[in-house]
file upload36.txt (compact mmCIF, C-alpha atoms)
# COMPACT_ATOMS: atom_id res chain seq x y z
CA MET Q 1 80.13 -125.37 24.72
CA ASN Q 2 79.50 -128.21 22.26
CA VAL Q 3 81.96 -130.65 20.70
CA THR Q 4 82.77 -128.28 17.83
CA GLY Q 5 83.97 -125.64 20.28
CA HIS Q 6 81.02 -123.27 19.68
CA THR Q 7 78.94 -121.82 22.48
CA ARG Q 8 75.55 -123.46 22.60
CA ARG Q 9 72.56 -121.16 22.12
CA PRO Q 10 70.35 -121.00 25.22
CA ALA Q 11 67.01 -122.75 24.79
CA SER Q 12 64.14 -120.42 23.98
CA ILE Q 13 60.47 -120.63 24.80
CA ARG Q 14 59.83 -121.77 21.22
CA ASP Q 15 62.34 -124.61 21.66
CA VAL Q 16 60.41 -125.74 24.72
CA ALA Q 17 57.14 -125.50 22.79
CA THR Q 18 58.51 -127.65 19.98
CA ALA Q 19 59.88 -130.28 22.38
CA ALA Q 20 56.58 -130.45 24.30
CA GLY Q 21 54.42 -130.38 21.20
CA VAL Q 22 52.46 -127.27 22.28
CA SER Q 23 52.27 -123.59 21.31
CA TYR Q 24 54.65 -121.05 22.82
CA GLN Q 25 51.60 -119.36 24.38
CA THR Q 26 50.93 -122.58 26.31
CA VAL Q 27 54.53 -122.63 27.52
CA SER Q 28 54.11 -119.02 28.66
CA ARG Q 29 50.98 -119.97 30.60
CA VAL Q 30 52.81 -122.80 32.32
CA ILE Q 31 55.72 -120.52 33.24
CA ASN Q 32 53.31 -117.94 34.63
CA GLY Q 33 51.25 -120.48 36.58
CA HIS Q 34 48.06 -119.92 34.62
CA PRO Q 35 45.28 -122.25 35.88
CA SER Q 36 43.80 -122.98 32.43
CA VAL Q 37 46.53 -125.49 31.46
CA LYS Q 38 45.68 -129.18 31.83
CA PRO Q 39 47.86 -131.05 34.35
CA SER Q 40 49.12 -133.50 31.71
CA THR Q 41 50.13 -130.62 29.41
CA ARG Q 42 51.77 -128.78 32.29
CA ASP Q 43 53.83 -131.88 33.17
CA ARG Q 44 54.94 -132.27 29.55
CA VAL Q 45 56.04 -128.64 29.35
CA LEU Q 46 57.89 -128.80 32.68
CA ALA Q 47 59.70 -131.95 31.54
CA ALA Q 48 60.79 -130.17 28.35
CA ILE Q 49 61.98 -127.19 30.39
CA ASP Q 50 64.13 -129.46 32.58
CA GLU Q 51 65.47 -131.43 29.60
CA LEU Q 52 66.49 -128.35 27.63
CA GLY Q 53 67.75 -126.37 30.60
CA PHE Q 54 65.46 -123.50 29.71
CA ARG Q 55 66.05 -120.43 31.88
CA ARG Q 56 62.72 -118.84 32.71
CA ASN Q 57 62.52 -115.30 31.45
CA ALA Q 58 62.62 -112.73 34.19
CA THR Q 59 60.30 -110.40 32.28
CA ALA Q 60 57.45 -112.88 31.92
CA LEU Q 61 57.66 -114.03 35.53
CA ALA Q 62 57.85 -110.52 36.94
CA LEU Q 63 55.00 -109.21 34.86
CA ALA Q 64 52.80 -112.17 35.74
CA SER Q 65 53.43 -111.74 39.45
CA GLY Q 66 53.06 -107.96 39.37
CA ARG Q 67 56.40 -107.52 41.16
CA SER Q 68 58.16 -105.68 38.32
CA ARG Q 69 57.30 -102.09 37.57
CA ALA Q 70 59.94 -101.30 35.01
CA VAL Q 71 60.32 -100.46 31.35
CA THR Q 72 63.43 -100.52 29.15
CA VAL Q 73 63.65 -98.20 26.14
CA LEU Q 74 65.79 -99.39 23.23
CA THR Q 75 67.06 -96.52 21.08
CA ALA Q 76 69.96 -95.78 18.76
CA ASN Q 77 70.11 -92.13 19.80
CA THR Q 78 69.50 -90.15 22.98
CA THR Q 79 70.49 -86.63 21.84
CA HIS Q 80 68.53 -85.72 18.68
CA TYR Q 81 65.47 -83.64 19.52
CA GLY Q 82 62.79 -86.19 18.55
CA TYR Q 83 64.49 -89.10 20.31
CA ALA Q 84 65.26 -87.10 23.45
CA SER Q 85 61.71 -85.73 23.66
CA ILE Q 86 60.21 -89.20 23.31
CA LEU Q 87 62.45 -90.40 26.15
CA GLN Q 88 61.30 -87.43 28.24
CA GLY Q 89 57.64 -88.33 27.66
CA ILE Q 90 58.20 -91.98 28.53
CA GLU Q 91 60.02 -91.06 31.74
CA GLU Q 92 57.34 -88.58 32.81
CA ALA Q 93 54.51 -91.07 32.27
CA ALA Q 94 56.45 -93.94 33.84
CA ARG Q 95 57.31 -91.88 36.92
CA ALA Q 96 53.65 -90.98 37.39
CA ALA Q 97 52.82 -94.70 37.32
CA SER Q 98 55.69 -95.56 39.72
CA TYR Q 99 57.64 -97.41 37.02
CA ALA Q 100 61.43 -97.34 36.70
CA VAL Q 101 62.93 -96.58 33.26
CA GLY Q 102 66.12 -98.05 31.83
CA ILE Q 103 67.73 -97.18 28.49
CA GLY Q 104 69.48 -99.63 26.20
CA VAL Q 105 71.51 -97.89 23.50
CA LEU Q 106 71.67 -99.66 20.14
CA GLU Q 107 75.24 -98.86 19.14
CA SER Q 108 75.09 -100.83 15.88
CA ALA Q 109 72.49 -102.10 13.41
CA GLU Q 110 74.38 -105.38 13.02
CA GLU Q 111 72.15 -108.36 13.76
CA ALA Q 112 74.32 -109.81 16.53
CA ALA Q 113 74.71 -106.48 18.32
CA VAL Q 114 70.98 -105.76 18.17
CA ALA Q 115 70.09 -109.27 19.37
CA ALA Q 116 72.45 -108.92 22.33
CA GLU Q 117 70.92 -105.59 23.37
CA VAL Q 118 67.38 -106.95 23.03
CA GLN Q 119 68.34 -109.92 25.22
CA ARG Q 120 69.85 -107.63 27.86
CA ALA Q 121 66.67 -105.59 27.91
CA ALA Q 122 64.53 -108.72 28.22
CA ASP Q 123 66.68 -110.10 31.03
CA ALA Q 124 66.31 -106.83 32.95
CA GLY Q 125 62.61 -107.55 33.42
CA GLY Q 126 59.62 -105.34 32.64
CA GLY Q 127 58.17 -104.17 29.33
CA LEU Q 128 60.02 -102.81 26.31
CA ILE Q 129 59.60 -99.68 24.20
CA VAL Q 130 61.62 -99.50 20.98
CA ILE Q 131 62.23 -96.22 19.14
CA ALA Q 132 62.39 -97.51 15.57
CA TYR Q 133 63.35 -94.41 13.58
CA ASP Q 134 66.50 -95.99 12.15
CA PRO Q 135 67.72 -99.40 10.90
CA ALA Q 136 68.95 -100.47 14.36
CA GLY Q 137 65.61 -99.65 15.96
CA VAL Q 138 63.63 -101.36 13.21
CA ARG Q 139 65.72 -104.51 13.60
CA ALA Q 140 65.38 -104.41 17.39
CA LEU Q 141 61.60 -104.09 17.21
CA ALA Q 142 61.42 -107.12 14.92
CA SER Q 143 63.73 -109.09 17.23
CA VAL Q 144 61.73 -108.83 20.46
CA PRO Q 145 60.44 -112.29 21.49
CA ALA Q 146 56.72 -112.69 20.88
CA GLU Q 147 55.95 -113.44 24.53
CA LEU Q 148 57.29 -110.10 25.79
CA PRO Q 149 55.17 -106.92 25.99
CA VAL Q 150 56.59 -104.31 23.60
CA VAL Q 151 55.50 -101.02 22.03
CA GLY Q 152 57.17 -99.55 18.95
CA VAL Q 153 57.60 -95.84 18.24
CA VAL Q 154 57.74 -95.92 14.45
CA GLU Q 155 57.73 -93.83 11.30
CA THR Q 156 54.27 -93.26 9.88
CA PRO Q 157 53.33 -96.68 8.42
CA ALA Q 158 52.34 -96.96 4.77
CA SER Q 159 49.04 -98.58 5.82
CA PRO Q 160 47.29 -99.07 9.17
CA PRO Q 161 48.87 -101.99 11.06
CA SER Q 162 46.89 -104.73 12.73
CA GLU Q 163 46.08 -104.51 16.44
CA ASP Q 164 48.75 -107.06 17.29
CA HIS Q 165 51.34 -104.42 16.31
CA PRO Q 166 51.15 -101.93 19.23
CA TRP Q 167 52.80 -98.93 17.59
CA VAL Q 168 52.62 -95.17 18.00
CA TRP Q 169 53.70 -92.53 15.50
CA THR Q 170 53.43 -88.91 14.41
CA ASP Q 171 51.42 -88.15 11.28
CA ASP Q 172 54.46 -87.13 9.23
CA ARG Q 173 52.60 -87.43 5.93
CA GLU Q 174 50.00 -84.86 7.00
CA ALA Q 175 52.71 -82.63 8.48
CA ALA Q 176 54.68 -82.49 5.22
CA TYR Q 177 51.48 -81.97 3.26
CA GLN Q 178 50.47 -79.00 5.44
CA VAL Q 179 53.76 -77.14 5.27
CA THR Q 180 54.20 -77.75 1.52
CA ARG Q 181 50.67 -76.43 0.89
CA HIS Q 182 51.54 -73.36 2.98
CA LEU Q 183 54.60 -72.59 0.84
CA LEU Q 184 52.71 -73.14 -2.43
CA ALA Q 185 49.87 -70.91 -1.23
CA LEU Q 186 52.39 -68.09 -0.79
CA GLY Q 187 52.93 -68.21 -4.56
CA HIS Q 188 56.02 -70.40 -4.97
CA GLU Q 189 56.09 -72.39 -8.20
CA THR Q 190 57.41 -75.46 -6.36
CA VAL Q 191 59.09 -76.53 -3.11
CA HIS Q 192 62.48 -78.23 -2.94
CA TYR Q 193 63.00 -80.86 -0.25
CA VAL Q 194 66.01 -81.83 1.90
CA ALA Q 195 65.19 -85.21 3.47
CA ILE Q 196 66.27 -86.84 6.71
CA PRO Q 197 67.29 -90.53 6.59
CA SER Q 198 64.43 -93.04 6.60
CA SER Q 199 64.32 -96.14 8.80
CA THR Q 200 63.49 -98.23 5.73
CA ARG Q 201 64.35 -98.17 2.04
CA ARG Q 202 60.83 -97.12 1.08
CA THR Q 203 59.84 -93.53 0.52
CA SER Q 204 59.31 -91.87 3.90
CA ALA Q 205 55.95 -90.45 4.95
CA ARG Q 206 57.41 -86.95 4.98
CA THR Q 207 58.53 -87.32 1.37
CA SER Q 208 55.11 -88.74 0.44
CA GLY Q 209 53.25 -85.82 2.01
CA TRP Q 210 55.49 -83.27 0.27
CA ARG Q 211 55.02 -85.01 -3.07
CA GLN Q 212 51.23 -85.31 -2.64
CA ALA Q 213 50.90 -81.54 -2.08
CA LEU Q 214 52.97 -80.79 -5.19
CA ARG Q 215 50.96 -83.16 -7.35
CA GLU Q 216 47.62 -81.80 -6.19
CA ALA Q 217 48.82 -78.31 -7.09
CA GLY Q 218 50.22 -79.43 -10.44
CA ALA Q 219 53.63 -78.16 -9.34
CA PRO Q 220 56.97 -79.48 -10.62
CA GLU Q 221 58.50 -82.24 -8.47
CA PRO Q 222 62.21 -81.54 -7.86
CA ARG Q 223 64.41 -84.48 -6.94
CA PRO Q 224 64.75 -84.60 -3.12
CA LEU Q 225 68.21 -84.02 -1.71
CA GLN Q 226 69.28 -86.53 0.93
CA GLY Q 227 70.46 -84.86 4.09
CA SER Q 228 71.49 -86.25 7.47
CA TRP Q 229 70.02 -85.63 10.92
CA GLY Q 230 72.10 -82.54 11.70
CA PRO Q 231 72.98 -79.03 10.47
CA ALA Q 232 76.04 -80.20 8.52
CA GLY Q 233 73.86 -82.20 6.14
CA GLY Q 234 71.56 -79.21 5.69
CA HIS Q 235 74.52 -76.95 5.00
CA THR Q 236 75.81 -79.25 2.26
CA ALA Q 237 72.40 -79.48 0.61
CA GLY Q 238 71.80 -75.76 1.07
CA ARG Q 239 75.00 -74.86 -0.77
CA LYS Q 240 73.78 -76.83 -3.81
CA LEU Q 241 70.33 -75.26 -3.74
CA ALA Q 242 71.68 -71.74 -3.20
CA LYS Q 243 73.44 -71.87 -6.58
CA ASP Q 244 70.11 -72.27 -8.40
CA SER Q 245 68.32 -68.93 -8.74
CA ALA Q 246 65.07 -70.75 -9.56
CA VAL Q 247 64.95 -72.18 -6.02
CA THR Q 248 62.58 -69.99 -3.98
CA ALA Q 249 61.24 -72.42 -1.34
CA ILE Q 250 62.96 -75.20 0.61
CA LEU Q 251 61.37 -77.70 3.00
CA CYS Q 252 63.78 -79.44 5.38
CA GLY Q 253 63.18 -82.84 7.00
CA ASN Q 254 63.88 -81.41 10.46
CA ASP Q 255 64.78 -78.10 12.09
CA ASP Q 256 68.46 -78.99 12.40
CA LEU Q 257 68.71 -79.44 8.63
CA ALA Q 258 66.95 -76.10 8.22
CA LEU Q 259 69.59 -74.48 10.43
CA GLY Q 260 72.30 -75.66 8.03
CA VAL Q 261 70.30 -74.54 4.98
CA LEU Q 262 69.83 -71.06 6.46
CA ARG Q 263 73.57 -70.78 6.99
CA ALA Q 264 74.32 -71.85 3.41
CA LEU Q 265 71.84 -69.33 1.98
CA HIS Q 266 73.36 -66.58 4.13
CA GLU Q 267 76.86 -67.43 2.86
CA ALA Q 268 75.57 -67.30 -0.72
CA GLY Q 269 74.01 -63.87 -0.16
CA ARG Q 270 70.43 -65.09 -0.64
CA ALA Q 271 68.04 -63.40 1.76
CA VAL Q 272 65.42 -65.37 3.73
CA PRO Q 273 62.50 -64.99 3.17
CA ASP Q 274 62.84 -62.21 0.56
CA GLU Q 275 64.54 -64.49 -1.99
CA VAL Q 276 64.09 -67.98 -0.53
CA SER Q 277 61.56 -69.33 1.98
CA VAL Q 278 62.70 -72.08 4.36
CA ALA Q 279 60.60 -74.38 6.54
CA GLY Q 280 61.45 -77.25 8.88
CA PHE Q 281 59.94 -80.04 10.94
CA ASP Q 282 59.58 -80.70 14.70
CA ASP Q 283 59.49 -77.17 16.21
CA ALA Q 284 62.68 -77.78 18.16
CA PRO Q 285 63.29 -75.18 20.91
CA HIS Q 286 65.86 -73.21 18.90
CA SER Q 287 63.59 -72.77 15.85
CA ALA Q 288 61.72 -69.80 17.35
CA TYR Q 289 64.98 -67.97 18.10
CA LEU Q 290 66.79 -68.19 14.78
CA THR Q 291 67.18 -65.12 12.59
CA PRO Q 292 64.75 -65.21 10.89
CA SER Q 293 62.61 -67.39 13.15
CA LEU Q 294 61.78 -70.68 11.47
CA THR Q 295 58.44 -71.73 10.02
CA THR Q 296 58.01 -75.39 10.99
CA VAL Q 297 55.57 -78.16 11.86
CA ARG Q 298 55.14 -78.87 15.56
CA LEU Q 299 55.23 -82.58 16.39
CA ASP Q 300 54.50 -83.53 19.99
CA PHE Q 301 57.27 -86.06 20.60
CA THR Q 302 56.93 -85.77 24.36
CA GLY Q 303 53.25 -86.62 24.07
CA LEU Q 304 54.19 -89.50 21.78
CA GLY Q 305 56.46 -90.87 24.51
CA ARG Q 306 53.63 -90.64 27.01
CA ALA Q 307 51.32 -92.45 24.60
CA ALA Q 308 53.88 -95.21 24.10
CA PHE Q 309 54.13 -95.81 27.82
CA ALA Q 310 50.35 -95.68 28.23
CA LEU Q 311 49.97 -98.34 25.55
CA LEU Q 312 52.57 -100.57 27.21
CA HIS Q 313 51.11 -99.96 30.66
CA GLY Q 314 47.66 -100.89 29.36
CA ALA Q 315 49.01 -104.17 28.01
CA VAL Q 316 50.87 -105.00 31.22
CA GLU Q 317 47.91 -104.15 33.42
CA GLU Q 318 45.52 -105.84 30.94
CA SER Q 319 43.60 -102.62 30.43
CA ALA Q 320 41.53 -102.20 27.27
CA GLN Q 321 41.16 -98.44 27.66
CA VAL Q 322 44.08 -97.40 25.45
CA ALA Q 323 43.76 -97.29 21.64
CA PRO Q 324 46.23 -99.67 19.93
CA HIS Q 325 47.70 -96.95 17.68
CA PRO Q 326 47.90 -93.48 19.26
CA VAL Q 327 48.91 -90.85 16.67
CA SER Q 328 50.41 -87.41 17.29
CA VAL Q 329 48.64 -84.76 15.13
CA PRO Q 330 50.92 -82.06 13.61
CA GLU Q 331 50.46 -78.31 13.94
CA LEU Q 332 51.78 -75.81 11.38
CA VAL Q 333 53.72 -72.94 13.02
CA VAL Q 334 54.20 -69.99 10.66
CA ARG Q 335 57.12 -67.67 11.49
CA GLU Q 336 59.45 -65.25 9.69
CA SER Q 337 61.33 -67.64 7.39
CA SER Q 338 58.47 -68.11 4.90
CA GLY Q 339 57.00 -65.51 2.59
CA PRO Q 340 56.02 -64.84 -1.03
CA PRO Q 341 58.58 -65.48 -3.79
CA PRO Q 342 60.50 -62.50 -5.18
CA ALA Q 343 58.58 -60.46 -7.75

call {"tool": "encode", "arguments": {"input": "upload36.txt", "output": "structure tokens"}}
result
Amino acid sequence: MNVTGHTRRPASIRDVATAAGVSYQTVSRVINGHPSVKPSTRDRVLAAIDELGFRRNATALALASGRSRAVTVLTANTTHYGYASILQGIEEAARAASYAVGIGVLESAEEAAVAAEVQRAADAGGGLIVIAYDPAGVRALASVPAELPVVGVVETPASPPSEDHPWVWTDDREAAYQVTRHLLALGHETVHYVAIPSSTRRTSARTSGWRQALREAGAPEPRPLQGSWGPAGGHTAGRKLAKDSAVTAILCGNDDLALGVLRALHEAGRAVPDEVSVAGFDDAPHSAYLTPSLTTVRLDFTGLGRAAFALLHGAVEESAQVAPHPVSVPELVVRESSGPPPA
């Protein structure tokens, strides 16, 4: 604690680099015992470490020595279908590689709370995977120290990232485009959209794909309704849409929203698919067993989790065999909930 009564921030690797007049990469090499560092530079860095009281990061040391075979997943949710399936894929791939998996739950998107969770994950040793589908995950991914190996599971980026951003994602834009085209091809004049929350303030890839399909077809573009992640948000949006007799096709940002929309249409006496077609995203396990069964887009979240671990494992083991940006390709699954509009 300093003279003002505030707790002093622990010295970071960048503080050491500044004090020694070198790059943080050089400090990392010194910490990890890399032989390429000149003795004079090594002595200067070690002196700065002693002066600042820098605590050597357990992750960097363990990875360099090969003694740590662990990965920590930072996520704001462990129950929603996409999140849970990604976790399943990571665990399966990690187990096959004899890695242990820990989970750090991001309970808040506040900067201090996120920073504390990132630090706990770093102190645990091993690599990091961040599921960045929400503001807390996005902030956590941006907060990981540069010297630590990390892979981000992200929303479809607006443009291809550089190779120093090891990210994986599903092609949500193509998925939304496919299912919207399917509904338009059935003869619907347009497709209304109930959106899930986006991790950023920009238009999500799912919204972009839906809009692209409408524009190519010259179809009207209804204003998207903002839903939530669960059925309650779909039910609220569905009640609004059910009142409009011109609504004959509804695309939902995930299958849980579609469940709520189906309930709202049933309560309003509007038959699916005879009067209104409904489609979802994800192909969650329950979607095939609804009445009617749900048309949706299958996204391989479990495979995405495996790809995330493979990318991290490749970085840790210094393997160049894994592409820097694995992408999960969507598959349209047509079931009973979509059909032609009423005559």

call {"tool": "residues_around", "arguments": {"input": "upload36.txt", "residues": "Gly253 of chain Q", "least_positions_apart": "4", "cutoff": "12 Å", "atoms": "only C-alpha atoms", "output": "ChimeraX atom specification"}}
result
/Q:172-173,175-176,179-180,192-198,204-210,224-231,233-234,237,257-261,278-283,296-297

call {"tool": "atom_distance", "arguments": {"input": "upload36.txt", "atom1": "atom CA of Leu311 of chain Q", "atom2": "atom CA of Val327 of chain Q"}}
result
11.7 Å

call {"tool": "residues_around", "arguments": {"input": "upload36.txt", "residues": "segment 85-96 of chain Q", "least_positions_apart": "6", "cutoff": "12 Å", "atoms": "all atoms listed in the file", "output": "compact mmCIF listing (two decimals) with C-alpha atoms, in the coordinates of the input"}}
result
# COMPACT_ATOMS: atom_id res chain seq x y z
CA ARG Q 69 57.30 -102.09 37.57
CA ALA Q 70 59.94 -101.30 35.01
CA VAL Q 71 60.32 -100.46 31.35
CA THR Q 72 63.43 -100.52 29.15
CA VAL Q 73 63.65 -98.20 26.14
CA LEU Q 74 65.79 -99.39 23.23
CA THR Q 75 67.06 -96.52 21.08
CA ALA Q 76 69.96 -95.78 18.76
CA ASN Q 77 70.11 -92.13 19.80
CA THR Q 78 69.50 -90.15 22.98
CA THR Q 79 70.49 -86.63 21.84
CA GLY Q 102 66.12 -98.05 31.83
CA ILE Q 103 67.73 -97.18 28.49
CA GLY Q 104 69.48 -99.63 26.20
CA GLY Q 126 59.62 -105.34 32.64
CA GLY Q 127 58.17 -104.17 29.33
CA LEU Q 128 60.02 -102.81 26.31
CA ILE Q 129 59.60 -99.68 24.20
CA VAL Q 130 61.62 -99.50 20.98
CA ILE Q 131 62.23 -96.22 19.14
CA ALA Q 132 62.39 -97.51 15.57
CA TYR Q 133 63.35 -94.41 13.58
CA VAL Q 151 55.50 -101.02 22.03
CA GLY Q 152 57.17 -99.55 18.95
CA VAL Q 153 57.60 -95.84 18.24
CA VAL Q 154 57.74 -95.92 14.45
CA VAL Q 168 52.62 -95.17 18.00
CA TRP Q 169 53.70 -92.53 15.50
CA THR Q 170 53.43 -88.91 14.41
CA ASP Q 282 59.58 -80.70 14.70
CA ASP Q 283 59.49 -77.17 16.21
CA ALA Q 284 62.68 -77.78 18.16
CA PRO Q 285 63.29 -75.18 20.91
CA LEU Q 299 55.23 -82.58 16.39
CA ASP Q 300 54.50 -83.53 19.99
CA PHE Q 301 57.27 -86.06 20.60
CA THR Q 302 56.93 -85.77 24.36
CA GLY Q 303 53.25 -86.62 24.07
CA LEU Q 304 54.19 -89.50 21.78
CA GLY Q 305 56.46 -90.87 24.51
CA ARG Q 306 53.63 -90.64 27.01
CA ALA Q 307 51.32 -92.45 24.60
CA ALA Q 308 53.88 -95.21 24.10
CA PHE Q 309 54.13 -95.81 27.82
CA ALA Q 310 50.35 -95.68 28.23
CA LEU Q 311 49.97 -98.34 25.55
CA LEU Q 312 52.57 -100.57 27.21
CA HIS Q 313 51.11 -99.96 30.66
CA SER Q 328 50.41 -87.41 17.29

call {"tool": "residues_around", "arguments": {"input": "upload36.txt", "residues": "Ala115 of chain Q", "least_positions_apart": "3", "cutoff": "9 Å", "atoms": "only C-alpha atoms", "output": "PyMOL selection string"}}
result
chain Q and resi 110-112+118-120+139-140+143-144

call {"tool": "atom_distance", "arguments": {"input": "upload36.txt", "atom1": "atom CA of Trp167 of chain Q", "atom2": "atom CA of Glu155 of chain Q"}}
result
9.5 Å

call {"tool": "atom_distance", "arguments": {"input": "upload36.txt", "atom1": "atom CA of Ala232 of chain Q", "atom2": "atom CA of Asp134 of chain Q"}}
result
18.8 Å
